[in-house]
Structures are given as structure tokens and as C-alpha cells.
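Shown next: query-v7.cif, given as mmCIF, C-alpha atoms and all ligand atoms.
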```
data_work
loop_
_atom_site.group_PDB
_atom_site.id
_atom_site.type_symbol
_atom_site.label_atom_id
_atom_site.label_comp_id
_atom_site.auth_asym_id
_atom_site.auth_seq_id
_atom_site.Cartn_x
_atom_site.Cartn_y
_atom_site.Cartn_z
ATOM 1 C CA MET A 1 69.376 7.362 -88.225
ATOM 2 C CA GLU A 2 69.217 11.060 -87.275
ATOM 3 C CA ALA A 3 69.531 11.999 -90.951
ATOM 4 C CA LEU A 4 66.643 9.679 -91.797
ATOM 5 C CA ILE A 5 64.406 11.200 -89.135
ATOM 6 C CA LEU A 6 65.306 14.692 -90.363
ATOM 7 C CA LEU A 7 64.581 13.716 -93.992
ATOM 8 C CA SER A 8 61.228 12.238 -93.045
ATOM 9 C CA PHE A 9 60.351 15.395 -91.055
ATOM 10 C CA ASN A 10 61.308 17.559 -94.054
ATOM 11 C CA ILE A 11 59.099 15.566 -96.440
ATOM 12 C CA LYS A 12 56.161 15.804 -94.017
ATOM 13 C CA LEU A 13 56.672 19.587 -93.701
ATOM 14 C CA LYS A 14 56.823 20.025 -97.486
ATOM 15 C CA ASN A 15 53.685 17.911 -97.957
ATOM 16 C CA CYS A 16 51.957 19.961 -95.310
ATOM 17 C CA ILE A 17 52.811 23.271 -97.024
ATOM 18 C CA PHE A 18 51.778 21.778 -100.366
ATOM 19 C CA ALA A 19 48.429 20.621 -98.913
ATOM 20 C CA GLU A 20 47.893 24.021 -97.323
ATOM 21 C CA ASN A 21 48.491 25.794 -100.653
ATOM 22 C CA LEU A 22 46.256 23.328 -102.467
ATOM 23 C CA ILE A 23 43.410 23.999 -100.006
ATOM 24 C CA LYS A 24 44.040 27.756 -100.302
ATOM 25 C CA TYR A 25 43.892 27.547 -104.110
ATOM 26 C CA THR A 26 40.740 25.456 -104.277
ATOM 27 C CA MET A 27 39.017 27.462 -101.524
ATOM 28 C CA ASN A 28 39.952 30.782 -103.223
ATOM 29 C CA THR A 29 40.797 32.353 -99.849
ATOM 30 C CA ASN A 30 42.435 35.213 -101.748
ATOM 31 C CA ARG A 31 39.328 36.113 -103.759
ATOM 32 C CA THR A 32 36.090 37.922 -103.104
ATOM 33 C CA PHE A 33 33.102 38.956 -105.189
ATOM 34 C CA THR A 34 31.548 42.415 -105.344
ATOM 35 C CA MET A 35 28.719 44.263 -107.040
ATOM 36 C CA ILE A 36 28.468 48.016 -107.439
ATOM 37 C CA LYS A 37 24.738 48.342 -106.802
ATOM 38 C CA PRO A 38 22.116 50.299 -108.821
ATOM 39 C CA ASP A 39 22.212 53.352 -106.477
ATOM 40 C CA ALA A 40 25.982 53.841 -106.845
ATOM 41 C CA VAL A 41 25.832 53.238 -110.602
ATOM 42 C CA ALA A 42 22.949 55.752 -111.013
ATOM 43 C CA ASN A 43 24.819 58.311 -108.878
ATOM 44 C CA GLY A 44 27.911 58.083 -111.112
ATOM 45 C CA HIS A 45 30.215 56.362 -108.614
ATOM 46 C CA ILE A 46 31.492 53.417 -110.717
ATOM 47 C CA GLY A 47 34.858 55.058 -111.457
ATOM 48 C CA SER A 48 35.466 56.278 -107.896
ATOM 49 C CA ILE A 49 34.548 52.917 -106.351
ATOM 50 C CA LEU A 50 36.751 50.940 -108.765
ATOM 51 C CA ASN A 51 39.553 53.412 -107.999
ATOM 52 C CA ASP A 52 39.105 52.871 -104.225
ATOM 53 C CA ILE A 53 39.171 49.094 -104.797
ATOM 54 C CA THR A 54 42.330 49.039 -106.936
ATOM 55 C CA SER A 55 44.045 51.670 -104.737
ATOM 56 C CA ALA A 56 43.490 49.303 -101.788
ATOM 57 C CA GLY A 57 45.551 46.713 -103.685
ATOM 58 C CA PHE A 58 42.837 44.487 -105.123
ATOM 59 C CA LYS A 59 43.480 42.980 -108.550
ATOM 60 C CA ILE A 60 40.435 42.773 -110.847
ATOM 61 C CA ILE A 61 40.124 39.173 -112.037
ATOM 62 C CA ALA A 62 36.730 39.593 -113.776
ATOM 63 C CA LEU A 63 34.511 42.619 -114.479
ATOM 64 C CA LYS A 64 31.021 42.986 -115.988
ATOM 65 C CA TYR A 65 28.515 45.828 -116.478
ATOM 66 C CA THR A 66 25.110 44.170 -116.531
ATOM 67 C CA LYS A 67 21.564 44.233 -115.167
ATOM 68 C CA LEU A 68 19.809 41.664 -112.980
ATOM 69 C CA THR A 69 16.216 40.680 -113.654
ATOM 70 C CA ALA A 70 13.819 40.180 -110.735
ATOM 71 C CA GLU A 71 14.339 36.455 -111.255
ATOM 72 C CA THR A 72 18.168 36.509 -111.224
ATOM 73 C CA ALA A 73 18.271 38.998 -108.307
ATOM 74 C CA GLY A 74 15.918 36.689 -106.384
ATOM 75 C CA GLU A 75 18.173 33.751 -107.134
ATOM 76 C CA PHE A 76 21.354 35.623 -106.151
ATOM 77 C CA TYR A 77 19.853 36.693 -102.804
ATOM 78 C CA ALA A 78 17.909 33.432 -102.198
ATOM 79 C CA VAL A 79 19.712 33.065 -98.844
ATOM 80 C CA HIS A 80 17.680 36.098 -97.625
ATOM 81 C CA LYS A 81 14.304 34.738 -98.872
ATOM 82 C CA ALA A 82 12.805 34.508 -95.387
ATOM 83 C CA ARG A 83 13.874 38.052 -94.405
ATOM 84 C CA PRO A 84 11.260 40.849 -94.327
ATOM 85 C CA PHE A 85 13.352 42.993 -96.711
ATOM 86 C CA TYR A 86 13.734 40.283 -99.398
ATOM 87 C CA ALA A 87 11.081 41.643 -101.811
ATOM 88 C CA ASP A 88 12.472 45.201 -101.556
ATOM 89 C CA LEU A 89 16.008 43.877 -101.990
ATOM 90 C CA VAL A 90 15.083 41.980 -105.164
ATOM 91 C CA ASN A 91 13.168 44.999 -106.499
ATOM 92 C CA PHE A 92 16.040 47.348 -105.805
ATOM 93 C CA MET A 93 18.768 45.075 -107.163
ATOM 94 C CA SER A 94 16.879 44.655 -110.457
ATOM 95 C CA SER A 95 16.003 48.375 -110.763
ATOM 96 C CA GLY A 96 19.073 49.364 -112.789
ATOM 97 C CA PRO A 97 22.476 48.236 -114.049
ATOM 98 C CA ILE A 98 25.170 46.936 -111.701
ATOM 99 C CA VAL A 99 28.891 46.205 -112.006
ATOM 100 C CA ALA A 100 29.956 42.705 -110.953
ATOM 101 C CA ALA A 101 33.577 41.833 -110.210
ATOM 102 C CA ILE A 102 35.844 39.133 -108.824
ATOM 103 C CA LEU A 103 38.713 40.642 -106.830
ATOM 104 C CA GLU A 104 41.987 39.176 -105.632
ATOM 105 C CA LYS A 105 44.159 40.052 -102.649
ATOM 106 C CA ASP A 106 45.538 38.201 -99.626
ATOM 107 C CA ASN A 107 42.789 37.726 -97.050
ATOM 108 C CA ALA A 108 40.336 39.178 -99.607
ATOM 109 C CA ILE A 109 37.041 38.620 -97.755
ATOM 110 C CA GLU A 110 38.095 40.327 -94.539
ATOM 111 C CA VAL A 111 40.088 43.151 -96.163
ATOM 112 C CA PHE A 112 37.292 43.946 -98.621
ATOM 113 C CA ARG A 113 34.624 44.005 -95.902
ATOM 114 C CA ALA A 114 36.768 46.481 -93.983
ATOM 115 C CA LEU A 115 37.156 48.592 -97.133
ATOM 116 C CA ILE A 116 33.380 48.786 -97.772
ATOM 117 C CA GLY A 117 32.304 49.287 -94.137
ATOM 118 C CA ALA A 118 29.170 48.272 -92.246
ATOM 119 C CA THR A 119 26.012 47.172 -94.123
ATOM 120 C CA ASN A 120 24.206 50.231 -92.785
ATOM 121 C CA PRO A 121 26.095 53.292 -94.114
ATOM 122 C CA ALA A 122 25.043 55.250 -91.005
ATOM 123 C CA GLU A 123 27.298 52.860 -89.060
ATOM 124 C CA ALA A 124 30.099 52.639 -91.643
ATOM 125 C CA ALA A 125 33.536 53.911 -90.608
ATOM 126 C CA GLU A 126 34.889 57.164 -92.018
ATOM 127 C CA GLY A 127 36.533 56.695 -95.425
ATOM 128 C CA THR A 128 34.842 53.375 -96.227
ATOM 129 C CA ILE A 129 33.080 52.954 -99.571
ATOM 130 C CA ARG A 130 29.618 52.737 -98.006
ATOM 131 C CA GLN A 131 30.242 55.776 -95.799
ATOM 132 C CA LYS A 132 31.275 57.765 -98.884
ATOM 133 C CA TYR A 133 28.801 56.560 -101.529
ATOM 134 C CA ALA A 134 25.828 54.703 -99.996
ATOM 135 C CA GLU A 135 22.372 56.163 -99.408
ATOM 136 C CA SER A 136 20.758 53.715 -96.974
ATOM 137 C CA ILE A 137 20.894 50.137 -95.673
ATOM 138 C CA ALA A 138 18.956 49.000 -98.768
ATOM 139 C CA ALA A 139 20.776 51.204 -101.287
ATOM 140 C CA ASN A 140 24.204 50.587 -99.779
ATOM 141 C CA ALA A 141 26.401 51.067 -102.871
ATOM 142 C CA VAL A 142 28.273 47.761 -102.854
ATOM 143 C CA HIS A 143 27.972 44.092 -102.043
ATOM 144 C CA GLY A 144 30.860 42.085 -100.612
ATOM 145 C CA SER A 145 30.950 38.317 -100.083
ATOM 146 C CA ASP A 146 30.834 37.164 -96.462
ATOM 147 C CA SER A 147 32.831 33.925 -96.848
ATOM 148 C CA ASP A 148 35.190 32.088 -99.199
ATOM 149 C CA GLU A 149 32.428 29.635 -100.040
ATOM 150 C CA ASN A 150 29.953 32.395 -100.961
ATOM 151 C CA ALA A 151 32.617 34.316 -102.913
ATOM 152 C CA ALA A 152 33.101 31.248 -105.115
ATOM 153 C CA ILE A 153 29.327 30.717 -105.543
ATOM 154 C CA GLU A 154 28.677 34.413 -106.284
ATOM 155 C CA GLY A 155 31.596 34.678 -108.729
ATOM 156 C CA ASP A 156 30.305 31.597 -110.574
ATOM 157 C CA PHE A 157 26.854 33.227 -110.743
ATOM 158 C CA PHE A 158 28.210 35.967 -113.044
ATOM 159 C CA PHE A 159 31.398 34.702 -114.665
ATOM 160 C CA THR A 160 32.496 31.732 -116.757
ATOM 161 C CA ALA A 161 36.078 30.442 -116.558
ATOM 162 C CA THR A 162 37.019 32.261 -119.797
ATOM 163 C CA GLU A 163 35.867 35.608 -118.387
ATOM 164 C CA ARG A 164 38.484 35.531 -115.601
ATOM 165 C CA PHE A 165 42.008 36.880 -116.108
HETATM 166 P P1 LIG B 201 24.424 42.945 -99.153
HETATM 167 O O1 LIG B 201 25.764 42.900 -98.545
HETATM 168 O O2 LIG B 201 24.333 43.059 -100.621
HETATM 169 O O3 LIG B 201 23.610 41.644 -98.693
HETATM 170 C C1 LIG B 201 22.257 41.623 -98.426
HETATM 171 C C2 LIG B 201 21.621 42.972 -98.547
HETATM 172 O O4 LIG B 201 20.351 43.104 -97.941
HETATM 173 C C3 LIG B 201 22.477 43.986 -97.813
HETATM 174 O O5 LIG B 201 23.659 44.189 -98.522
HETATM 175 C C4 LIG B 201 21.550 45.166 -97.710
HETATM 176 O O6 LIG B 201 21.579 46.001 -98.845
HETATM 177 C C5 LIG B 201 20.207 44.473 -97.632
HETATM 178 N N1 LIG B 201 19.703 44.582 -96.286
HETATM 179 C C6 LIG B 201 20.217 44.082 -95.171
HETATM 180 N N2 LIG B 201 19.468 44.414 -94.094
HETATM 181 C C7 LIG B 201 18.467 45.155 -94.564
HETATM 182 C C8 LIG B 201 17.371 45.786 -93.950
HETATM 183 N N3 LIG B 201 17.184 45.715 -92.636
HETATM 184 N N4 LIG B 201 16.533 46.467 -94.749
HETATM 185 C C9 LIG B 201 16.731 46.509 -96.078
HETATM 186 N N5 LIG B 201 17.756 45.922 -96.719
HETATM 187 C C10 LIG B 201 18.614 45.253 -95.958
#
```
As a first step, turn the structure in this file into C-alpha cells.
Amino acid sequence: MEALILLSFNIKLKNCIFAENLIKYTMNTNRTFTMIKPDAVANGHIGSILNDITSAGFKIIALKYTKLTAETAGEFYAVHKARPFYADLVNFMSSGPIVAAILEKDNAIEVFRALIGATNPAEAAEGTIRQKYAESIAANAVHGSDSDENAAIEGDFFFTATERF
């Protein structure tokens, strides 16, 4: 009887771990999405920023050097449509080439947001990417996803399944 109870407990535990991993995999909790923005690209910081990212232990799953149009920038930042800075944001993000990337690491969203620092570079901690390379709150060098859900949406915006490794 005891053995049966133990066996049943073991199966439940295994199922639980399996379910947890399945949710983790489908929710991509270990992935984030980033863009190196037009200011950082124009100022020659692509190499340094990618070096900071990989030195922090992020694996590059997908990478693309491209340029947004006003239309695609507007679509990407549609969540900010009602904000007073939306038009400037769309203008700026379509003003020059960007680098888009999907990154992987445990706890990717949180760790990456710590690596890039506060949205406003004047408030970004010493040594963060925005503190080192950003010019202003609008031209703030890099984008980082704010949630697992948005990381998946933003990654899908730029990359097909065959562009991820
Ligand atoms: P990002 O993380 O890419 O997401 C939205 C962007 O809007 C943000 O970085 C900033 O570059 C920009 N942004 C946020 N607040 C302001 C603001 N007050 N003025 C101008 N741009 C802003």
C-alpha cells in the first residue's frame, strides 16, 4: 500500500515537472527580443553592444541587419499609439538601419533589462548598455522586451522559424 502511494506521488511529481517544462518551452521564458536602434547603429556601436550581450551569457538565436519603414515601425510600436511620443518614436525608429535579435538565457527578460538599464539613459545604472551608448530617452540605443508574451510577438515580427538557430 505504502509503495503504491509512493509510486503515485512519484508519477504526479514527474508529470508536474514535465508540465512545468512544457509551459516554459511554449512560453519561451528563456528568450527575449532586442533591437539595436538607429542611434547606436549610426554611432558605430553594433559590435560593442553585441559583445556586451554575448559576454553577459546570452546566446544569439536569430540576428538581422535591416531597416524599418514608418509603417512597420508604427506596427511594431502600436502598443504606444496613444502616447504623446508615438509619432517621434516611429520617425526615429524608421530613420536608419537597426539590428534585430532573439536572445536566449535563463530568466532572459529580467536579466536583459538589467543589462540594458533604465529607458532613460540619464537614469541608467553605471555599466549598462544604455548608460554607455544611448543619447536620450528617445534615442536610447536598444530595445528589450518587457514580457515573455511580447518577446514572442516581437521575435515573430522579424524572424521566421527557419531564421532561428
Ligand atoms: P523601448 O524600450 O524601445 O520602448 C518604447 C520606446 O519609446 C522606449 O524604448 C523609448 O525609446 C521611447 N520612449 C519612452 N518614453 C519616451 C518619452 N517620454 N519620450 C520619447 N520617447 C520615449
Two-atom distance - atom CA of A:Gly44, atom CA of A:Thr162 (Å): 28.7 Å
With the cut-off set at 6 Å and counting all atoms listed in the file, tabulate each residue of chain A with an atom at most that distance from an atom of ligand LIG 201 (chain B), showing the nearest atom pair and its distance in Å to one decimal, ordered by chain and increasing number, as JSON lines.
```
{"residue": "A:Phe85", "atom": "CA", "partner": "B:LIG201", "partner_atom": "C9", "distance": 4.9}
{"residue": "A:Leu89", "atom": "CA", "partner": "B:LIG201", "partner_atom": "N5", "distance": 5.9}
{"residue": "A:Thr119", "atom": "CA", "partner": "B:LIG201", "partner_atom": "O5", "distance": 5.8}
{"residue": "A:Ile137", "atom": "CA", "partner": "B:LIG201", "partner_atom": "O6", "distance": 5.3}
{"residue": "A:Ala138", "atom": "CA", "partner": "B:LIG201", "partner_atom": "N5", "distance": 3.9}
{"residue": "A:Ala139", "atom": "CA", "partner": "B:LIG201", "partner_atom": "O6", "distance": 5.8}
{"residue": "A:Asn140", "atom": "CA", "partner": "B:LIG201", "partner_atom": "O6", "distance": 5.4}
{"residue": "A:His143", "atom": "CA", "partner": "B:LIG201", "partner_atom": "O2", "distance": 4.0}
{"residue": "A:Gly144", "atom": "CA", "partner": "B:LIG201", "partner_atom": "O1", "distance": 5.6}
```
The PyMOL selection byres (((chain A and resi 99) around 6) and not hetatm) resolved against shown file, as a ChimeraX atom specification: /A:35-36,64-65,98,100
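Note that atom CA of A:Asn150 and atom CA of A:Thr34 are 11.1 Å apart.
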Between atom CA of A:Glu163 and atom CA of A:Ala62 - distance in Å to one decimal: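 These atoms are spaced 6.2 Å apart.
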Nearest residue to A:Lys132 from the set A:Gly96, A:Asp52, A:Thr160, A:Asn30 (distances using only C-alpha atoms):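 The shortest atom-to-atom distance to A:Lys132 comes from A:Asp52.
Minimum atom-to-atom distance to A:Phe33, evaluated using all atoms listed in the file, belongs to A:Glu154 out of A:Glu126, A:Glu71, A:Glu154, A:Glu110.
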Nearest-residue call for A:Phe112, choices A:Ala134, A:Ile46, A:Val90, A:Ala151, using all atoms listed in the file: A:Ala151
Residues within 6 Å of A:Lys37, only C-alpha atoms, excluding chain neighbours under 3 positions, as a PyMOL selection string: chain A and resi 40+98+141-142
Report, as AutoDock Vina command-line options, the centre and edge lengths in Å (one decimal) of the axis-aligned box enclosing every listed atom of stretch 82-93 of chain A, padded by 8 Å on each side.
```
--center_x 14.9 --center_y 40.9 --center_z -100.7 --size_x 23.7 --size_y 28.8 --size_z 28.8
```
